[in-house]
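The file query-v2.txt comes next; it holds compact mmCIF, C-alpha atoms.
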```
# COMPACT_ATOMS: atom_id res chain seq x y z
CA MET E 1 -32.49 22.50 -17.91
CA LYS E 2 -30.49 19.30 -18.10
CA LEU E 3 -26.83 19.47 -17.12
CA ALA E 4 -24.44 16.72 -18.13
CA PHE E 5 -21.22 15.89 -16.26
CA THR E 6 -18.33 13.63 -17.33
CA ALA E 7 -17.66 11.55 -14.20
CA LYS E 8 -15.83 8.52 -12.87
CA GLY E 9 -18.77 7.40 -10.75
CA THR E 10 -22.52 7.88 -10.46
CA THR E 11 -23.06 10.13 -7.43
CA TRP E 12 -22.58 13.78 -6.45
CA ASP E 13 -19.44 12.76 -4.55
CA SER E 14 -17.88 11.00 -7.54
CA ASN E 15 -14.80 12.53 -9.10
CA MET E 16 -15.21 14.27 -12.42
CA ASP E 17 -13.55 12.62 -15.40
CA ALA E 18 -11.33 15.15 -17.17
CA ARG E 19 -11.74 13.23 -20.41
CA PHE E 20 -14.70 13.75 -22.67
CA GLY E 21 -14.97 10.90 -25.20
CA ARG E 22 -13.68 8.18 -22.92
CA THR E 23 -15.38 9.33 -19.73
CA GLU E 24 -16.68 6.37 -17.73
CA PHE E 25 -20.08 7.89 -16.95
CA LEU E 26 -22.28 10.73 -18.05
CA LEU E 27 -24.32 12.09 -15.16
CA ILE E 28 -27.44 14.06 -15.98
CA TYR E 29 -28.90 16.53 -13.51
CA ASP E 30 -32.37 17.78 -14.23
CA ASP E 31 -32.76 21.06 -12.32
CA ILE E 32 -36.56 20.91 -12.54
CA SER E 33 -37.11 17.42 -11.15
CA LYS E 34 -33.87 17.79 -9.09
CA GLU E 35 -32.90 14.29 -10.09
CA LEU E 36 -29.43 12.99 -10.85
CA SER E 37 -29.29 10.07 -13.26
CA SER E 38 -26.36 8.27 -14.82
CA PHE E 39 -25.45 6.83 -18.20
CA ASP E 40 -22.78 4.15 -18.43
CA ASN E 41 -20.42 5.32 -21.20
CA ARG E 42 -17.81 2.60 -20.80
CA GLU E 43 -18.88 1.03 -24.06
CA SER E 44 -17.93 4.19 -26.00
CA ALA E 45 -14.62 4.25 -24.19
CA ASN E 46 -14.02 0.76 -25.46
CA ASN E 47 -13.98 1.87 -29.10
CA ALA E 48 -10.52 1.89 -30.64
CA HIS E 49 -11.31 5.14 -32.44
CA GLY E 50 -14.07 7.73 -32.49
CA ALA E 51 -15.07 7.63 -28.82
CA GLY E 52 -15.61 11.42 -28.78
CA PRO E 53 -18.24 11.67 -31.54
CA LYS E 54 -20.07 8.70 -30.06
CA THR E 55 -20.21 10.29 -26.61
CA ALA E 56 -21.40 13.54 -28.22
CA GLN E 57 -24.21 11.59 -29.86
CA TYR E 58 -25.25 10.05 -26.54
CA LEU E 59 -25.32 13.50 -24.96
CA PHE E 60 -27.70 14.59 -27.70
CA GLU E 61 -29.91 11.54 -27.14
CA LEU E 62 -29.91 12.21 -23.40
CA LYS E 63 -31.21 15.71 -24.27
CA ALA E 64 -28.54 17.56 -22.32
CA ASP E 65 -28.58 21.36 -22.60
CA ALA E 66 -25.12 21.94 -21.21
CA LEU E 67 -21.99 19.89 -20.61
CA ILE E 68 -19.62 20.30 -17.68
CA THR E 69 -16.26 18.60 -18.17
CA GLY E 70 -12.45 18.81 -17.92
CA ASN E 71 -10.72 19.90 -21.13
CA GLY E 72 -13.62 19.61 -23.54
CA PRO E 73 -14.07 17.53 -26.68
CA GLY E 74 -11.56 17.06 -29.51
CA GLY E 75 -12.11 18.21 -33.10
CA ASN E 76 -14.60 15.65 -34.39
CA ALA E 77 -16.64 15.56 -31.21
CA ALA E 78 -16.69 19.38 -31.06
CA ALA E 79 -18.16 19.46 -34.58
CA VAL E 80 -21.01 17.19 -33.41
CA MET E 81 -21.56 19.29 -30.28
CA GLU E 82 -21.75 22.45 -32.34
CA LYS E 83 -24.53 20.95 -34.45
CA THR E 84 -26.47 19.78 -31.39
CA GLY E 85 -26.13 23.19 -29.73
CA ILE E 86 -25.06 21.79 -26.36
CA LYS E 87 -23.11 24.42 -24.43
CA ILE E 88 -19.70 23.34 -23.16
CA HIS E 89 -18.21 24.42 -19.82
CA ILE E 90 -14.66 23.34 -19.03
CA GLY E 91 -12.16 23.41 -16.18
CA ALA E 92 -13.90 21.01 -13.81
CA GLY E 93 -11.59 18.02 -14.40
CA ALA E 94 -10.10 17.91 -10.90
CA MET E 95 -13.36 18.43 -8.94
CA THR E 96 -16.11 16.21 -7.60
CA VAL E 97 -19.44 16.38 -9.42
CA LYS E 98 -20.90 18.47 -6.58
CA GLU E 99 -17.99 20.91 -6.65
CA ALA E 100 -18.29 21.14 -10.43
CA TYR E 101 -21.99 21.94 -10.12
CA ASP E 102 -21.30 24.67 -7.54
CA ALA E 103 -18.52 26.13 -9.69
CA PHE E 104 -20.89 26.15 -12.66
CA GLN E 105 -23.59 27.92 -10.61
CA LYS E 106 -21.09 30.58 -9.55
CA GLY E 107 -20.02 31.06 -13.16
CA GLU E 108 -16.47 29.94 -12.39
CA LEU E 109 -16.19 27.53 -15.32
CA LYS E 110 -15.00 28.64 -18.71
CA LYS E 111 -17.50 28.48 -21.51
CA VAL E 112 -16.14 27.46 -24.92
CA MET S 1 -0.98 15.16 -9.13
CA LYS S 2 -0.22 17.00 -12.35
CA GLU S 3 -0.17 15.51 -15.79
CA ILE S 4 2.47 16.83 -18.20
CA VAL S 5 2.19 15.73 -21.84
CA VAL S 6 5.04 16.13 -24.32
CA ILE S 7 4.16 16.14 -28.03
CA SER S 8 5.86 17.31 -31.21
CA GLY S 9 3.69 16.90 -34.29
CA LYS S 10 6.80 16.16 -36.33
CA GLY S 11 9.07 13.20 -35.64
CA GLY S 12 12.79 13.56 -34.98
CA THR S 13 12.60 16.82 -33.03
CA GLY S 14 14.02 15.24 -29.88
CA LYS S 15 10.73 14.78 -28.06
CA THR S 16 11.54 11.40 -26.54
CA SER S 17 15.16 12.30 -25.69
CA ILE S 18 13.86 15.32 -23.79
CA THR S 19 10.94 13.47 -22.16
CA ALA S 20 13.26 10.71 -20.96
CA SER S 21 15.59 13.37 -19.57
CA PHE S 22 12.69 14.85 -17.59
CA ALA S 23 11.85 11.35 -16.35
CA VAL S 24 15.40 10.95 -15.03
CA LEU S 25 15.42 14.43 -13.48
CA GLY S 26 12.02 13.87 -11.87
CA GLY S 27 13.15 10.49 -10.51
CA LYS S 28 10.71 8.98 -8.07
CA ASP S 29 8.34 11.95 -8.20
CA VAL S 30 7.36 11.02 -11.75
CA ILE S 31 5.25 8.20 -13.13
CA VAL S 32 6.00 7.82 -16.83
CA ALA S 33 3.46 6.91 -19.53
CA ASP S 34 4.83 6.09 -22.99
CA CYS S 35 1.88 6.84 -25.27
CA ASP S 36 4.02 7.01 -28.41
CA VAL S 37 3.03 3.40 -28.88
CA ASP S 38 3.63 3.20 -32.65
CA ALA S 39 7.32 3.75 -32.10
CA ALA S 40 7.76 3.32 -28.38
CA ASP S 41 11.37 3.92 -27.39
CA MET S 42 11.42 5.27 -23.85
CA HIS S 43 12.33 1.74 -22.80
CA LEU S 44 15.69 2.06 -24.57
CA LEU S 45 16.69 4.90 -22.26
CA LEU S 46 14.93 4.08 -19.00
CA GLU S 47 15.57 0.32 -18.61
CA PRO S 48 12.15 -0.97 -17.59
CA ASN S 49 11.93 -4.46 -16.04
CA TYR S 50 8.57 -5.47 -17.64
CA GLU S 51 7.27 -6.49 -14.22
CA ILE S 52 3.59 -6.81 -15.12
CA SER S 53 2.33 -7.53 -18.60
CA GLU S 54 -1.20 -7.73 -19.90
CA GLU S 55 -2.60 -8.53 -23.32
CA PHE S 56 -4.39 -5.69 -25.01
CA TYR S 57 -7.36 -5.92 -27.34
CA SER S 58 -8.55 -3.13 -29.59
CA GLY S 59 -10.67 -3.12 -32.74
CA GLU S 60 -11.90 -6.27 -34.47
CA LEU S 61 -10.83 -8.76 -37.11
CA ALA S 62 -13.01 -10.96 -39.31
CA TYR S 63 -12.85 -14.69 -38.68
CA ILE S 64 -14.23 -17.37 -41.04
CA ASN S 65 -15.52 -20.59 -39.54
CA GLN S 66 -14.43 -23.22 -42.10
CA TYR S 67 -17.20 -25.68 -41.10
CA ASN S 68 -19.91 -23.18 -41.99
CA CYS S 69 -18.25 -21.61 -45.06
CA ILE S 70 -19.99 -22.58 -48.30
CA GLN S 71 -17.19 -21.08 -50.41
CA CYS S 72 -19.54 -18.71 -52.26
CA GLY S 73 -16.91 -15.96 -52.52
CA LYS S 74 -19.22 -13.08 -51.51
CA CYS S 75 -16.81 -11.99 -48.80
CA TYR S 76 -14.02 -11.88 -51.35
CA ASP S 77 -16.15 -9.73 -53.66
CA VAL S 78 -17.08 -7.08 -51.10
CA CYS S 79 -13.79 -6.75 -49.21
CA ARG S 80 -12.22 -3.40 -50.01
CA PHE S 81 -8.97 -4.22 -48.28
CA ASN S 82 -8.12 -7.41 -50.22
CA ALA S 83 -8.17 -9.20 -46.91
CA ILE S 84 -9.85 -12.44 -48.05
CA ASN S 85 -7.45 -15.07 -49.36
CA VAL S 86 -8.84 -17.91 -51.48
CA ASN S 87 -6.76 -21.03 -51.75
CA ASN S 88 -8.32 -24.11 -53.40
CA GLY S 89 -11.75 -22.81 -52.43
CA ARG S 90 -10.72 -22.29 -48.82
CA HIS S 91 -11.50 -18.72 -47.73
CA THR S 92 -9.36 -17.20 -45.02
CA VAL S 93 -8.77 -13.73 -43.60
CA ASP S 94 -5.45 -11.94 -44.02
CA ALA S 95 -5.02 -10.42 -40.58
CA LEU S 96 -2.61 -7.73 -41.81
CA ASN S 97 -5.08 -6.40 -44.37
CA CYS S 98 -8.36 -6.81 -42.48
CA GLU S 99 -9.68 -3.51 -41.04
CA GLY S 100 -12.48 -5.18 -39.11
CA CYS S 101 -15.19 -3.24 -40.98
CA GLY S 102 -17.60 -6.21 -40.83
CA TYR S 103 -18.84 -5.98 -44.41
CA CYS S 104 -17.97 -9.66 -45.12
CA ALA S 105 -19.83 -10.83 -42.02
CA ARG S 106 -22.84 -8.78 -43.11
CA VAL S 107 -23.05 -10.38 -46.59
CA CYS S 108 -22.08 -13.96 -45.64
CA PRO S 109 -25.16 -16.09 -46.43
CA SER S 110 -24.15 -18.96 -44.17
CA GLY S 111 -23.25 -16.92 -41.10
CA ALA S 112 -19.72 -18.31 -41.20
CA ILE S 113 -18.02 -14.98 -40.55
CA ILE S 114 -17.90 -13.17 -37.26
CA ASN S 115 -15.82 -10.25 -36.03
CA LYS S 116 -13.55 -11.10 -33.14
CA PRO S 117 -11.77 -8.66 -30.84
CA GLN S 118 -8.24 -8.21 -32.08
CA LYS S 119 -5.23 -8.69 -29.84
CA VAL S 120 -3.03 -5.78 -30.81
CA GLY S 121 -0.21 -6.07 -28.33
CA GLN S 122 0.84 -5.98 -24.73
CA CYS S 123 0.65 -3.36 -22.03
CA PHE S 124 3.38 -3.27 -19.37
CA THR S 125 3.91 -1.80 -15.95
CA SER S 126 7.63 -1.60 -15.20
CA ILE S 127 10.04 -0.40 -12.59
CA LEU S 128 12.66 1.90 -14.15
CA LYS S 129 16.31 2.48 -13.46
CA THR S 130 15.22 5.67 -11.69
CA GLY S 131 13.28 3.56 -9.19
CA SER S 132 10.02 4.98 -10.48
CA ILE S 133 7.32 3.31 -12.56
CA MET S 134 6.47 3.44 -16.27
CA VAL S 135 3.36 2.23 -18.06
CA HIS S 136 4.08 1.35 -21.67
CA ALA S 137 2.95 -0.89 -24.48
CA LYS S 138 4.26 -2.91 -27.38
CA LEU S 139 2.21 -3.39 -30.54
CA GLY S 140 2.12 -6.58 -32.58
CA ILE S 141 3.22 -6.62 -36.21
CA GLY S 142 0.95 -4.44 -38.37
CA ALA S 143 -1.14 -3.37 -35.37
CA ASP S 144 -2.31 0.21 -34.92
CA ASN S 145 -2.07 2.52 -31.98
CA SER S 146 -5.49 3.78 -30.94
CA GLY S 147 -7.13 6.32 -28.69
CA LYS S 148 -8.23 3.39 -26.58
CA LEU S 149 -4.70 2.10 -25.99
CA VAL S 150 -3.40 5.58 -25.19
CA ALA S 151 -6.27 6.10 -22.73
CA LYS S 152 -5.43 2.80 -21.05
CA VAL S 153 -1.71 3.59 -20.69
CA LYS S 154 -2.48 7.06 -19.34
CA ASN S 155 -5.24 6.00 -16.98
CA GLU S 156 -3.09 3.25 -15.52
CA ALA S 157 -0.20 5.68 -14.97
CA LYS S 158 -2.57 8.14 -13.31
CA GLU S 159 -3.98 5.47 -11.01
CA ILE S 160 -0.48 4.49 -9.90
CA ALA S 161 0.39 8.14 -9.34
CA CYS S 162 -2.73 8.56 -7.17
CA ASP S 163 -2.09 5.39 -5.17
CA GLU S 164 1.54 6.28 -4.52
CA LEU S 165 0.92 10.01 -4.03
CA LYS S 166 3.32 10.97 -6.83
CA GLU S 167 3.53 14.56 -7.96
CA TYR S 168 3.71 14.13 -11.72
CA VAL S 169 2.57 11.93 -14.56
CA LEU S 170 4.88 12.50 -17.51
CA VAL S 171 3.44 11.43 -20.85
CA ASP S 172 5.45 10.86 -24.03
CA GLY S 173 2.61 11.76 -26.40
CA SER S 174 1.60 10.19 -29.69
CA PRO S 175 2.65 11.59 -33.06
CA GLY S 176 0.44 13.31 -35.63
CA VAL S 177 -2.94 14.95 -35.00
CA GLY S 178 -5.29 11.94 -34.96
CA CYS S 179 -7.27 10.03 -32.36
CA PRO S 180 -4.26 8.85 -30.30
CA VAL S 181 -3.05 12.46 -29.89
CA VAL S 182 -6.50 13.67 -28.85
CA SER S 183 -6.46 10.87 -26.32
CA SER S 184 -2.92 11.83 -25.16
CA LEU S 185 -3.94 15.44 -24.58
CA SER S 186 -7.26 14.82 -22.88
CA GLY S 187 -7.01 15.39 -19.14
CA ALA S 188 -3.56 17.03 -19.23
CA ASP S 189 -2.52 19.92 -16.99
CA PHE S 190 0.37 21.17 -19.09
CA ILE S 191 1.55 20.48 -22.62
CA VAL S 192 5.14 20.70 -23.76
CA LEU S 193 5.63 21.10 -27.51
CA VAL S 194 9.05 20.08 -28.78
CA THR S 195 9.87 21.49 -32.20
CA GLU S 196 12.83 22.19 -34.46
CA PRO S 197 13.44 25.04 -36.93
CA SER S 198 12.74 23.24 -40.19
CA VAL S 199 9.95 23.80 -42.70
CA SER S 200 8.14 20.65 -41.60
CA GLY S 201 8.96 21.39 -37.96
CA ILE S 202 7.06 24.70 -37.89
CA HIS S 203 4.31 23.36 -40.16
CA ASP S 204 3.59 20.42 -37.87
CA LEU S 205 3.90 22.61 -34.79
CA GLU S 206 1.16 24.90 -36.09
CA ARG S 207 -0.97 21.94 -37.07
CA VAL S 208 -0.72 20.16 -33.74
CA TYR S 209 -1.30 23.43 -31.88
CA GLU S 210 -4.69 23.77 -33.59
CA LEU S 211 -5.62 20.64 -31.68
CA VAL S 212 -4.04 21.77 -28.40
CA GLU S 213 -5.84 25.13 -28.60
CA ARG S 214 -9.16 23.33 -28.60
CA PHE S 215 -8.44 21.86 -25.18
CA ASN S 216 -7.56 25.15 -23.47
CA ILE S 217 -4.58 23.63 -21.72
CA LYS S 218 -1.60 25.75 -20.72
CA THR S 219 1.22 25.11 -23.17
CA GLY S 220 4.97 25.65 -23.42
CA CYS S 221 7.41 25.08 -26.24
CA ILE S 222 11.03 23.94 -26.49
CA ILE S 223 12.82 24.80 -29.73
CA ASN S 224 15.40 22.06 -30.10
CA LYS S 225 18.41 22.53 -32.45
CA PHE S 226 17.40 26.22 -32.63
CA ASP S 227 20.74 27.19 -34.20
CA ILE S 228 20.39 25.09 -37.36
CA ASN S 229 18.10 27.74 -38.88
CA GLN S 230 17.88 31.03 -37.00
CA GLY S 231 15.32 32.41 -39.50
CA ILE S 232 12.74 29.71 -38.82
CA THR S 233 13.55 29.84 -35.11
CA ASN S 234 12.53 33.51 -35.20
CA GLU S 235 9.33 32.58 -37.04
CA ILE S 236 8.55 29.97 -34.39
CA MET S 237 9.17 32.49 -31.60
CA ASP S 238 6.75 34.92 -33.28
CA PHE S 239 4.18 32.14 -33.52
CA LEU S 240 4.59 31.30 -29.82
CA GLU S 241 4.12 34.92 -28.86
CA SER S 242 1.02 35.32 -31.02
CA LYS S 243 -0.56 32.25 -29.40
CA ASN S 244 0.50 33.00 -25.83
CA ILE S 245 2.55 29.84 -25.64
CA VAL S 246 5.28 29.92 -22.99
CA HIS S 247 8.68 29.84 -24.68
CA LEU S 248 10.49 27.40 -22.41
CA LYS S 249 13.94 27.08 -23.99
CA ASN S 250 16.10 27.23 -27.09
CA ILE S 251 18.39 24.21 -27.10
CA PRO S 252 21.36 24.22 -29.51
CA TYR S 253 22.18 21.39 -31.86
CA ASN S 254 24.34 19.00 -29.88
CA GLU S 255 25.80 15.64 -30.75
CA ALA S 256 25.84 14.71 -27.09
CA PHE S 257 22.19 13.64 -27.58
CA THR S 258 23.36 10.89 -29.94
CA GLU S 259 26.32 10.04 -27.75
CA ALA S 260 24.05 9.53 -24.77
CA MET S 261 21.61 7.51 -26.87
CA LEU S 262 24.36 5.15 -27.99
CA LEU S 263 25.14 4.52 -24.34
CA GLY S 264 21.46 3.85 -23.64
CA LYS S 265 21.36 6.95 -21.45
CA THR S 266 19.65 10.30 -21.38
CA ILE S 267 21.69 13.43 -21.94
CA VAL S 268 21.25 14.54 -18.33
CA GLU S 269 23.20 11.48 -17.21
CA LEU S 270 26.32 12.63 -19.07
CA ASP S 271 28.94 14.59 -17.18
CA ASN S 272 28.76 18.35 -17.43
CA ASP S 273 27.43 18.72 -20.93
CA PRO S 274 26.09 22.30 -21.29
CA VAL S 275 22.80 21.05 -22.76
CA LYS S 276 22.29 18.98 -19.64
CA PHE S 277 21.98 22.15 -17.58
CA GLN S 278 19.59 23.71 -20.04
CA ILE S 279 17.29 20.71 -19.80
CA MET S 280 17.52 20.77 -16.01
CA ASP S 281 16.62 24.43 -16.09
CA THR S 282 13.63 23.71 -18.38
CA TRP S 283 12.35 20.96 -16.08
CA ILE S 284 12.48 23.34 -13.10
CA LYS S 285 10.61 25.93 -15.15
CA ILE S 286 7.89 23.43 -16.06
CA LYS S 287 7.51 22.36 -12.43
CA LYS S 288 7.04 25.98 -11.42
CA ILE S 289 4.37 26.52 -14.08
CA VAL S 290 2.27 23.47 -13.20
CA LYS S 291 2.44 24.07 -9.46
```
Encoding of this model in structure tokens:
Amino acid sequence: MKLAFTAKGTTWDSNMDARFGRTEFLLIYDDISKELSSFDNRESANNAHGAGPKTAQYLFELKADALITGNGPGGNAAAVMEKTGIKIHIGAGAMTVKEAYDAFQKGELKKV
Amino acid sequence: MKEIVVISGKGGTGKTSITASFAVLGGKDVIVADCDVDAADMHLLLEPNYEISEEFYSGELAYINQYNCIQCGKCYDVCRFNAINVNNGRHTVDALNCEGCGYCARVCPSGAIINKPQKVGQCFTSILKTGSIMVHAKLGIGADNSGKLVAKVKNEAKEIACDELKEYVLVDGSPGVGCPVVSSLSGADFIVLVTEPSVSGIHDLERVYELVERFNIKTGCIINKFDINQGITNEIMDFLESKNIVHLKNIPYNEAFTEAMLLGKTIVELDNDPVKFQIMDTWIKIKKIVK
């Protein structure tokens, strides 16, 4: 399974980014290969409008199965996410990526 | 650090008067972010000093290089916004009409048209009369607020709050339900809805709450001028209960708001007005909730 995190940096110790569409990075953790990779999303954040749907599209292209984030996507982005079937887990906005992963494992994050 | 965002859906409910009052009550514990950039007016009440200013670019505008233009008129034909002016064969872009869609650049056979980043206004970091800091922006004529600009104002305010170990970021949110509001809400810890008992007041409250609900953020509501229509106030209270929104306060219609505004002050700076104490009480309530 591939887990995606909205983050302000590219490592396990980076802080999560509570925002979805304008998150600086998307981190992808592959729990089979145990590898953490990063996608620079700052170009989406630079769009005047529509950053959310664009980020949702990237998540789809990165083949994420689940998203771990702060508040979750807005209306338009949520519609894209629904179509792609990526599961959304929220409430990790104030954690580090590692803490968010642990909270997800323990089922402490809210699924929307 | 907790981020509190105040929004209203409808204009004229008293959102900014109340937000500015909270900013004064919070004093140095609060970093203020004015994300109501289309009609920014926190600066009228909080006396910022415009200490740091930075130009802000968002979206694009078409630009025609006159040396390369062969005056074929294709740009004029395809533009849906009537943004190409033709004067004695000279083709120019009307910056107020251009939406930056890029269609003209796509069809231009001589490659004379490019899209350039558009300067939409300025972003400021100011020291306020409260001694605290506000991040705010001023748009140029005809320029649009955007999710990008709101994100910038908010992120800057949050960075300052982190650096200075402040307890709260207080955001005067954007109007409506579009991209700037989504951007205002994203990352918030608590949302304050300010409404009034009018037909459009409750309508816009319900509409903006649809958006808030999506974010699963704890929310409270202030019914301002509650006594101008007790019937709709009751309807609003029923709505709040059905949605589990914390009912923070009913504030009566009071001309002291206008009086204070004329003095360039917030209502909590007036002497002993009863509404002042209700707003103080509401601020304490909010602080308790976000703790």
Up to 7 Å from chain S, what residues of chain E turn up? Count only C-alpha atoms and give them as an MDAnalysis selection string. chainID E and resid 18:19 45:49 70:72 74
Straight-line distance linking CA of His89 in chain E with CA of Asp40 in chain E, stated in Å to one decimal: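 Separation between CA of His89 in chain E and CA of Asp40 in chain E: 20.8 Å.
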Counting only C-alpha atoms, which residues sit no farther than 9 Å from the position (-12.0, 11.6, -8.2) in the file's frame? I'd like them as a CSV table (one decimal) with C-alpha atoms, in the frame of the given file.
```csv
chain,number,residue,atom,x,y,z
E,7,ALA,CA,-17.7,11.6,-14.2
E,8,LYS,CA,-15.8,8.5,-12.9
E,9,GLY,CA,-18.8,7.4,-10.8
E,13,ASP,CA,-19.4,12.8,-4.6
E,14,SER,CA,-17.9,11.0,-7.5
E,15,ASN,CA,-14.8,12.5,-9.1
E,16,MET,CA,-15.2,14.3,-12.4
E,17,ASP,CA,-13.6,12.6,-15.4
E,93,GLY,CA,-11.6,18.0,-14.4
E,94,ALA,CA,-10.1,17.9,-10.9
E,95,MET,CA,-13.4,18.4,-8.9
E,96,THR,CA,-16.1,16.2,-7.6
E,97,VAL,CA,-19.4,16.4,-9.4
```
Can you pull out every residue within 12 Å of Gly142 in chain S, counting all atoms listed in the file, but drop anything in the same chain fewer than 4 positions away, and send it as a PDB file with C-alpha atoms, in the frame of the given file?
```pdb
ATOM      1  CA  ASP S  38       3.630   3.200 -32.650  1.00  0.00           C
ATOM      2  CA  ASP S  94      -5.450 -11.940 -44.020  1.00  0.00           C
ATOM      3  CA  ALA S  95      -5.020 -10.420 -40.580  1.00  0.00           C
ATOM      4  CA  LEU S  96      -2.610  -7.730 -41.810  1.00  0.00           C
ATOM      5  CA  ASN S  97      -5.080  -6.400 -44.370  1.00  0.00           C
ATOM      6  CA  CYS S  98      -8.360  -6.810 -42.480  1.00  0.00           C
ATOM      7  CA  GLU S  99      -9.680  -3.510 -41.040  1.00  0.00           C
ATOM      8  CA  GLN S 118      -8.240  -8.210 -32.080  1.00  0.00           C
ATOM      9  CA  LYS S 119      -5.230  -8.690 -29.840  1.00  0.00           C
ATOM     10  CA  VAL S 120      -3.030  -5.780 -30.810  1.00  0.00           C
ATOM     11  CA  GLY S 121      -0.210  -6.070 -28.330  1.00  0.00           C
ATOM     12  CA  LYS S 138       4.260  -2.910 -27.380  1.00  0.00           C
TER      13      LYS S 138
END
```
Expressed in Å to a single decimal, how great is the separation between CA of Phe60 in chain E and CA of Lys218 in chain S?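 So the two atoms, CA of Phe60 in chain E and CA of Lys218 in chain S, lie 29.2 Å apart.
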Which of these residues is nearest to Leu3 in chain E, using all atoms listed in the file: E:Leu26, E:Ala64, E:Ala100, E:Met81?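 That would be E:Ala64, the residue with the smallest distance to Leu3 in chain E.
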Selected residue, from S:Cys162, S:Ile251, S:Leu193, S:Leu128, that lies nearest to Phe277 in chain S when counting all atoms listed in the file: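 Closest candidate: S:Ile251.
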Between S:Ile133, S:Val30, S:Cys72, S:Val208, single out the one closest to Glu51 in chain S, counting all atoms listed in the file.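 For Glu51 in chain S, the nearest of the candidates is S:Ile133.
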Calculated over all atoms listed in the file, which of the candidates E:Leu27, E:Ala103, E:Leu109, E:Ala92 has the smallest distance to Lys63 in chain E? E:Leu27
Using only C-alpha atoms, find the one residue out of E:Ala77, E:Ala51, E:Met1, E:Ala66 that sits nearest to Thr23 in chain E.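 So, comparing all the options, the nearest one is E:Ala51.
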Using all atoms listed in the file - which residues lie no farther than 9 Å from the point (4.1, 17.6, -11.6) in the file's frame? Write them as a list of chain:residue names.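 The requested residues, written out, are S:Met1, S:Lys2, S:Glu3, S:Ile4, S:Gly26, S:Asp29, S:Val30, S:Lys166, S:Glu167, S:Tyr168, S:Val169, S:Leu170, S:Asp189, S:Ile286, S:Lys287, S:Lys288, S:Val290, S:Lys291.
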Could you list, as a list in words, every residue within 6 Å of Asp204 in chain S, counting only C-alpha atoms and ignoring same-chain residues fewer than 4 positions away?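 Here the qualifying residues turn out to be Gly9, Lys10, Ser200 and Val208 of chain S.
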Extract, using all atoms listed in the file, all DNA, RNA and protein residues at most 9 Å from Tyr58 in chain E, discarding same-chain residues fewer than 5 positions from it, and format them as a CSV table (one decimal) with C-alpha atoms, in the coordinates of the input.
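Heads up, here's the output in around.csv:
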```
chain,number,residue,atom,x,y,z
E,39,PHE,CA,-25.4,6.8,-18.2
E,41,ASN,CA,-20.4,5.3,-21.2
E,53,PRO,CA,-18.2,11.7,-31.5
E,63,LYS,CA,-31.2,15.7,-24.3
```
Could you check how far CA of Leu139 in chain S sits from CA of Tyr63 in chain S, in Å to one decimal?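 These two atoms are separated by 20.5 Å.
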Generate a file for range 199-210 of chain S, containing N, CA and C atoms, as a CSV table (one decimal), in the first residue's frame.
```
chain,number,residue,atom,x,y,z
S,199,VAL,N,-32.8,37.2,5.9
S,199,VAL,CA,-33.0,36.1,5.0
S,199,VAL,C,-31.7,35.7,4.4
S,200,SER,N,-31.0,36.7,3.9
S,200,SER,CA,-29.7,36.4,3.3
S,200,SER,C,-28.6,36.0,4.3
S,201,GLY,N,-28.8,36.5,5.5
S,201,GLY,CA,-27.9,36.1,6.6
S,201,GLY,C,-27.9,34.6,6.8
S,202,ILE,N,-29.1,34.0,7.1
S,202,ILE,CA,-29.2,32.6,7.4
S,202,ILE,C,-28.9,31.8,6.1
S,203,HIS,N,-29.3,32.3,5.0
S,203,HIS,CA,-29.0,31.5,3.7
S,203,HIS,C,-27.5,31.4,3.5
S,204,ASP,N,-26.8,32.5,3.7
S,204,ASP,CA,-25.3,32.4,3.4
S,204,ASP,C,-24.6,31.7,4.5
S,205,LEU,N,-25.2,31.7,5.7
S,205,LEU,CA,-24.6,30.9,6.8
S,205,LEU,C,-24.7,29.4,6.5
S,206,GLU,N,-25.8,29.0,6.0
S,206,GLU,CA,-26.0,27.6,5.7
S,206,GLU,C,-25.1,27.2,4.6
S,207,ARG,N,-24.9,28.1,3.6
S,207,ARG,CA,-24.1,27.8,2.4
S,207,ARG,C,-22.6,27.7,2.8
S,208,VAL,N,-22.2,28.6,3.6
S,208,VAL,CA,-20.8,28.6,4.0
S,208,VAL,C,-20.5,27.4,4.9
S,209,TYR,N,-21.5,27.0,5.7
S,209,TYR,CA,-21.3,25.9,6.6
S,209,TYR,C,-21.1,24.6,5.9
S,210,GLU,N,-21.7,24.5,4.7
S,210,GLU,CA,-21.5,23.3,3.9
S,210,GLU,C,-20.0,23.1,3.6
```
